[in-house]
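S.K.: Below is a structure I'd like to ask you about.
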Amino acid sequence: MARLDEQDLDEKRLERRQKRKKAELAAYITLVVLVILIAGIAVASVYLVSGVILNRSDKAAAQASEEISEEAEEAAVIESPEEETVVEEYTEEDMLDEIVGTVLSEMSVEDKVAGLFIVTPEQLTGVETAVKAGAGTQEALTSYAVGGITYSPKNIKSGEQISSMLGTTVSMSKYPLFTVMSSQSMESDQVREVIGITDETEITDAESAFEAGTAEGTALFKYGFNFAVAPLVDLSESGPYGTEPDKVKEITNSFAEGLKGSGVLACAYSFPMNGDSLTGMATNDKERDDIVVNEFEAFKAAFDSGNLQAVMVSNVSVPSLSGDNTPSSVSEKVITDELRGTLGFDGIIITSAFTDGAITEYYTSGEAAVEAIKAGADMVYIPENFSEAYEGVLAAVQSGSVSEARIDESLKRIFRVKYSDKVDQISQGN
């Protein structure tokens, strides 16, 4: 009994020892697991924190890098100096060019050609003597938009009559008209009395020439005239001012200044020299060198002063300039080479009256007008037969013998004078 008890006791002791070992092993395992877990958590935390830090660092670095790159790019760009914006001033000349260009762009070729002619009111309307403007004038101006109308003593009966006639005629025209008074008409006692020039000023020097030009210009402007074929430039024994170039130069320029100041366009005549071409060919054999230092200088002085806007070319033949007996008014060498080229005149060039024998004996009305335009003239003054002259130039343009550009060239000069007052009105806000 005692042995069984001792045996049982030993077995119980062994069982207790095994249980302790199992408990110790379980505790050890649990400890190891806890250690591993704690270590894992610690490592994970370190990585997590490091990742956040690294991520933040990367962003900051990226941002910094971007900023640096931008600064580097800005630094790399060499800025060029700002270009100054040049605002071109719109001048009165620009305004005038625009007005003229617009008018020309809207004109028919028929109106353009008609605009190159200055005719009498009788040539325009077909009546024997014109003393008023009515339905016939309106109809004629609608068909032929002429550039100007020139009046003679037979058209002027009284101040009221001529003023009404001119005012009505101008109002009927599609385009501004030159209303012309020739120097010969101004010499008529009837005309001088009607327009109020009874005390004739004797022209002896620049001062008296200016006074005379102002008086005549004021009288003409009052009744509606805007164009005077004056002053006469004539350095000959028969000329009104003698043969001394300086004196003729001063008188010519001063008279033109008086006209211009009164609102009347001055058209000096006759280039290169005056002569009697009424009944047939008139030739002047003066040498070119002599003409250059005399006649040319007298005209040029007035050109340079700006007082002359137009020049009338004579029908006189001057072989030393033209090379033959061609009348100056249809000679390219006289008009283009000498007047335009040598003297540099850029105003309006007008022929003398094409009713002179120097023209009518050698040219038809159409031929004379075409030759004048080809030679460089801008306007044909009183053709022998207006309708034939007009049709001749129109046919030349339509066939290409005379270009439309050539016609436009002349019209630009003419319209720059005619529309200059429009620029003044716009500039003054009227």
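Ordering of the structure tokens sets the chain letters (A, B, ...); residue numbers start at 1 within each chain; ligands are numbered from 1 in the order shown.
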So that I can check the secondary structure, give me every residue of segment 138-352 of chain A assigned alpha helix (DSSP H) by backbone DSSP, as JSON, numbers by chain.
M.R.: {"A": [138, 139, 140, 141, 142, 143, 159, 160, 161, 162, 163, 164, 165, 166, 167, 168, 169, 170, 171, 172, 183, 184, 185, 186, 189, 190, 191, 192, 193, 194, 195, 206, 207, 208, 209, 210, 211, 212, 213, 214, 215, 216, 217, 218, 219, 220, 221, 222, 245, 246, 247, 248, 249, 250, 251, 252, 253, 254, 255, 256, 257, 258, 259, 260, 261, 288, 289, 290, 291, 297, 298, 299, 300, 301, 302, 303, 304, 305, 319, 320, 321, 322, 332]}
S.K.: Generate the output file for the selected residues, C-alpha atoms, as a PDB file, in the first residue's frame.
M.R.:
```
ATOM      1  CA  GLN A 138     -28.122 120.234-116.016  1.00  0.00           C
ATOM      2  CA  GLU A 139     -28.598 117.764-118.866  1.00  0.00           C
ATOM      3  CA  ALA A 140     -25.222 118.638-120.393  1.00  0.00           C
ATOM      4  CA  LEU A 141     -23.333 118.288-117.093  1.00  0.00           C
ATOM      5  CA  THR A 142     -24.983 114.927-116.504  1.00  0.00           C
ATOM      6  CA  SER A 143     -23.692 113.707-119.874  1.00  0.00           C
ATOM      7  CA  GLY A 159     -23.115 141.077-111.257  1.00  0.00           C
ATOM      8  CA  GLU A 160     -26.338 139.423-110.143  1.00  0.00           C
ATOM      9  CA  GLN A 161     -26.710 137.557-113.434  1.00  0.00           C
ATOM     10  CA  ILE A 162     -23.198 136.066-113.521  1.00  0.00           C
ATOM     11  CA  SER A 163     -23.269 135.236-109.824  1.00  0.00           C
ATOM     12  CA  SER A 164     -26.538 133.336-110.242  1.00  0.00           C
ATOM     13  CA  MET A 165     -25.306 131.605-113.380  1.00  0.00           C
ATOM     14  CA  LEU A 166     -22.085 130.418-111.754  1.00  0.00           C
ATOM     15  CA  GLY A 167     -23.743 129.359-108.505  1.00  0.00           C
ATOM     16  CA  THR A 168     -26.425 127.342-110.294  1.00  0.00           C
ATOM     17  CA  THR A 169     -23.915 125.714-112.654  1.00  0.00           C
ATOM     18  CA  VAL A 170     -21.652 124.636-109.812  1.00  0.00           C
ATOM     19  CA  SER A 171     -24.590 123.155-107.898  1.00  0.00           C
ATOM     20  CA  MET A 172     -25.531 121.053-110.942  1.00  0.00           C
ATOM     21  CA  SER A 183      -6.843 137.324-118.636  1.00  0.00           C
ATOM     22  CA  GLN A 184      -8.148 138.556-121.980  1.00  0.00           C
ATOM     23  CA  SER A 185     -11.692 138.670-120.609  1.00  0.00           C
ATOM     24  CA  MET A 186     -10.482 140.596-117.570  1.00  0.00           C
ATOM     25  CA  ASP A 189     -14.069 147.224-119.966  1.00  0.00           C
ATOM     26  CA  GLN A 190     -17.503 145.645-119.668  1.00  0.00           C
ATOM     27  CA  VAL A 191     -16.245 142.832-117.466  1.00  0.00           C
ATOM     28  CA  ARG A 192     -14.174 145.141-115.300  1.00  0.00           C
ATOM     29  CA  GLU A 193     -17.127 147.413-114.757  1.00  0.00           C
ATOM     30  CA  VAL A 194     -19.528 144.576-113.958  1.00  0.00           C
ATOM     31  CA  ILE A 195     -17.292 142.909-111.402  1.00  0.00           C
ATOM     32  CA  ALA A 206       6.148 143.518-106.726  1.00  0.00           C
ATOM     33  CA  GLU A 207       4.009 145.676-104.437  1.00  0.00           C
ATOM     34  CA  SER A 208       1.755 147.029-107.162  1.00  0.00           C
ATOM     35  CA  ALA A 209       1.498 143.543-108.682  1.00  0.00           C
ATOM     36  CA  PHE A 210       0.311 142.137-105.367  1.00  0.00           C
ATOM     37  CA  GLU A 211      -2.276 144.904-105.037  1.00  0.00           C
ATOM     38  CA  ALA A 212      -3.541 144.289-108.559  1.00  0.00           C
ATOM     39  CA  GLY A 213      -3.698 140.522-108.025  1.00  0.00           C
ATOM     40  CA  THR A 214      -5.570 140.974-104.764  1.00  0.00           C
ATOM     41  CA  ALA A 215      -8.066 143.403-106.313  1.00  0.00           C
ATOM     42  CA  GLU A 216      -8.817 141.162-109.269  1.00  0.00           C
ATOM     43  CA  GLY A 217      -8.926 138.014-107.158  1.00  0.00           C
ATOM     44  CA  THR A 218     -11.324 139.576-104.655  1.00  0.00           C
ATOM     45  CA  ALA A 219     -13.650 140.751-107.420  1.00  0.00           C
ATOM     46  CA  LEU A 220     -13.629 137.389-109.183  1.00  0.00           C
ATOM     47  CA  PHE A 221     -14.191 135.405-106.000  1.00  0.00           C
ATOM     48  CA  LYS A 222     -17.125 137.618-105.028  1.00  0.00           C
ATOM     49  CA  PRO A 245      14.170 138.552-115.592  1.00  0.00           C
ATOM     50  CA  ASP A 246      14.261 139.635-111.928  1.00  0.00           C
ATOM     51  CA  LYS A 247      11.544 142.236-112.425  1.00  0.00           C
ATOM     52  CA  VAL A 248       9.272 139.891-114.362  1.00  0.00           C
ATOM     53  CA  LYS A 249       9.909 137.191-111.760  1.00  0.00           C
ATOM     54  CA  GLU A 250       8.890 139.457-108.863  1.00  0.00           C
ATOM     55  CA  ILE A 251       5.785 140.766-110.617  1.00  0.00           C
ATOM     56  CA  THR A 252       4.634 137.294-111.675  1.00  0.00           C
ATOM     57  CA  ASN A 253       5.056 135.838-108.215  1.00  0.00           C
ATOM     58  CA  SER A 254       3.430 138.783-106.411  1.00  0.00           C
ATOM     59  CA  PHE A 255       0.413 138.934-108.728  1.00  0.00           C
ATOM     60  CA  ALA A 256      -0.123 135.186-108.272  1.00  0.00           C
ATOM     61  CA  GLU A 257       0.182 135.636-104.512  1.00  0.00           C
ATOM     62  CA  GLY A 258      -2.547 138.300-104.597  1.00  0.00           C
ATOM     63  CA  LEU A 259      -4.901 136.011-106.525  1.00  0.00           C
ATOM     64  CA  LYS A 260      -4.249 133.025-104.295  1.00  0.00           C
ATOM     65  CA  GLY A 261      -4.776 135.043-101.144  1.00  0.00           C
ATOM     66  CA  ARG A 288      17.516 126.843-124.927  1.00  0.00           C
ATOM     67  CA  ASP A 289      20.300 128.318-122.739  1.00  0.00           C
ATOM     68  CA  ASP A 290      18.721 131.742-123.108  1.00  0.00           C
ATOM     69  CA  ILE A 291      15.279 130.373-122.248  1.00  0.00           C
ATOM     70  CA  GLU A 297      13.650 131.373-113.919  1.00  0.00           C
ATOM     71  CA  ALA A 298      10.585 133.609-114.011  1.00  0.00           C
ATOM     72  CA  PHE A 299       8.245 130.598-113.852  1.00  0.00           C
ATOM     73  CA  LYS A 300      10.315 128.708-111.305  1.00  0.00           C
ATOM     74  CA  ALA A 301      10.290 131.566-108.796  1.00  0.00           C
ATOM     75  CA  ALA A 302       6.493 131.397-108.661  1.00  0.00           C
ATOM     76  CA  PHE A 303       6.560 127.581-108.552  1.00  0.00           C
ATOM     77  CA  ASP A 304       8.923 127.533-105.586  1.00  0.00           C
ATOM     78  CA  SER A 305       6.848 130.060-103.648  1.00  0.00           C
ATOM     79  CA  PRO A 319      12.514 124.005-131.730  1.00  0.00           C
ATOM     80  CA  SER A 320      15.364 124.466-129.231  1.00  0.00           C
ATOM     81  CA  LEU A 321      13.190 122.671-126.652  1.00  0.00           C
ATOM     82  CA  SER A 322      11.026 120.324-128.728  1.00  0.00           C
ATOM     83  CA  GLU A 332       6.166 115.752-124.637  1.00  0.00           C
TER      84      GLU A 332
END
```
S.K.: Applying 9 Å and only C-alpha atoms, which residues near Ser317 of chain A remain after dropping the ones on its own chain fewer than 6 positions away? List them as a PyMOL selection string.
M.R.: chain A and resi 281-285+324-329+331+358
S.K.: Rounded to one decimal, what separation in Å do you get between atom CA of Val293 of chain A and atom CA of Glu237 of chain A?
M.R.: 16.8 Å
S.K.: Under the rule that only C-alpha atoms are counted, which of A:Ala353, A:Val100, A:Leu343, A:Leu265 is the nearest residue to Val316 of chain A?
M.R.: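 The shortest atom-to-atom distance to Val316 of chain A comes from A:Ala353.
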S.K.: Nearest to Lys412 of chain A: which of A:Gly115, A:Gly126, A:Pro272, A:Gly148 is it, counting only C-alpha atoms?
M.R.: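 The shortest atom-to-atom distance to Lys412 of chain A comes from A:Gly115.
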S.K.: Using atom CA of Arg406 of chain A and atom CA of Phe225 of chain A as the two end points, give the distance in Å to one decimal.
M.R.: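 Calculated distance between atom CA of Arg406 of chain A and atom CA of Phe225 of chain A is 28.3 Å.
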S.K.: May I have the residues within 8 Å of segment 177-180 of chain A as a list in words, using only C-alpha atoms and disregarding those fewer than 2 positions away in the same chain?
M.R.: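 Counting only the stated atoms, we get Ile118, Val146, Gly147, Gly148, Ile149, Thr150, Tyr151, Leu166, Val170, Ser173, Tyr175, Ser182, Gly224, Phe225, Asn226, Phe227, Ala228, Val229 and Lys418 of chain A.
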S.K.: Using only C-alpha atoms, which residue out of A:Pro231, A:Asp408, A:Glu361, A:Thr336 lies closest to Glu106 of chain A?
M.R.: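 Using only C-alpha atoms, Glu106 of chain A sits closest to A:Asp408.
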S.K.: Among segment 279-365 of chain A, which ones does DSSP assign to strand (DSSP E or B) (computed from the backbone)? Answer as JSON, numbers by chain.
M.R.: {"A": [283, 310, 311, 312, 313, 317, 327, 348, 349, 350, 351, 354]}
S.K.: Which residue, A:Tyr144, A:Gly357, A:Leu104, A:Thr137, has the smallest gap to Ala405 of chain A when you use only C-alpha atoms?
M.R.: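 The shortest atom-to-atom distance to Ala405 of chain A comes from A:Leu104.
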S.K.: So, counting only C-alpha atoms, which residue among A:Pro176, A:Glu128, A:Thr120, A:Ala372 is closest to Arg416 of chain A?
M.R.: A:Pro176
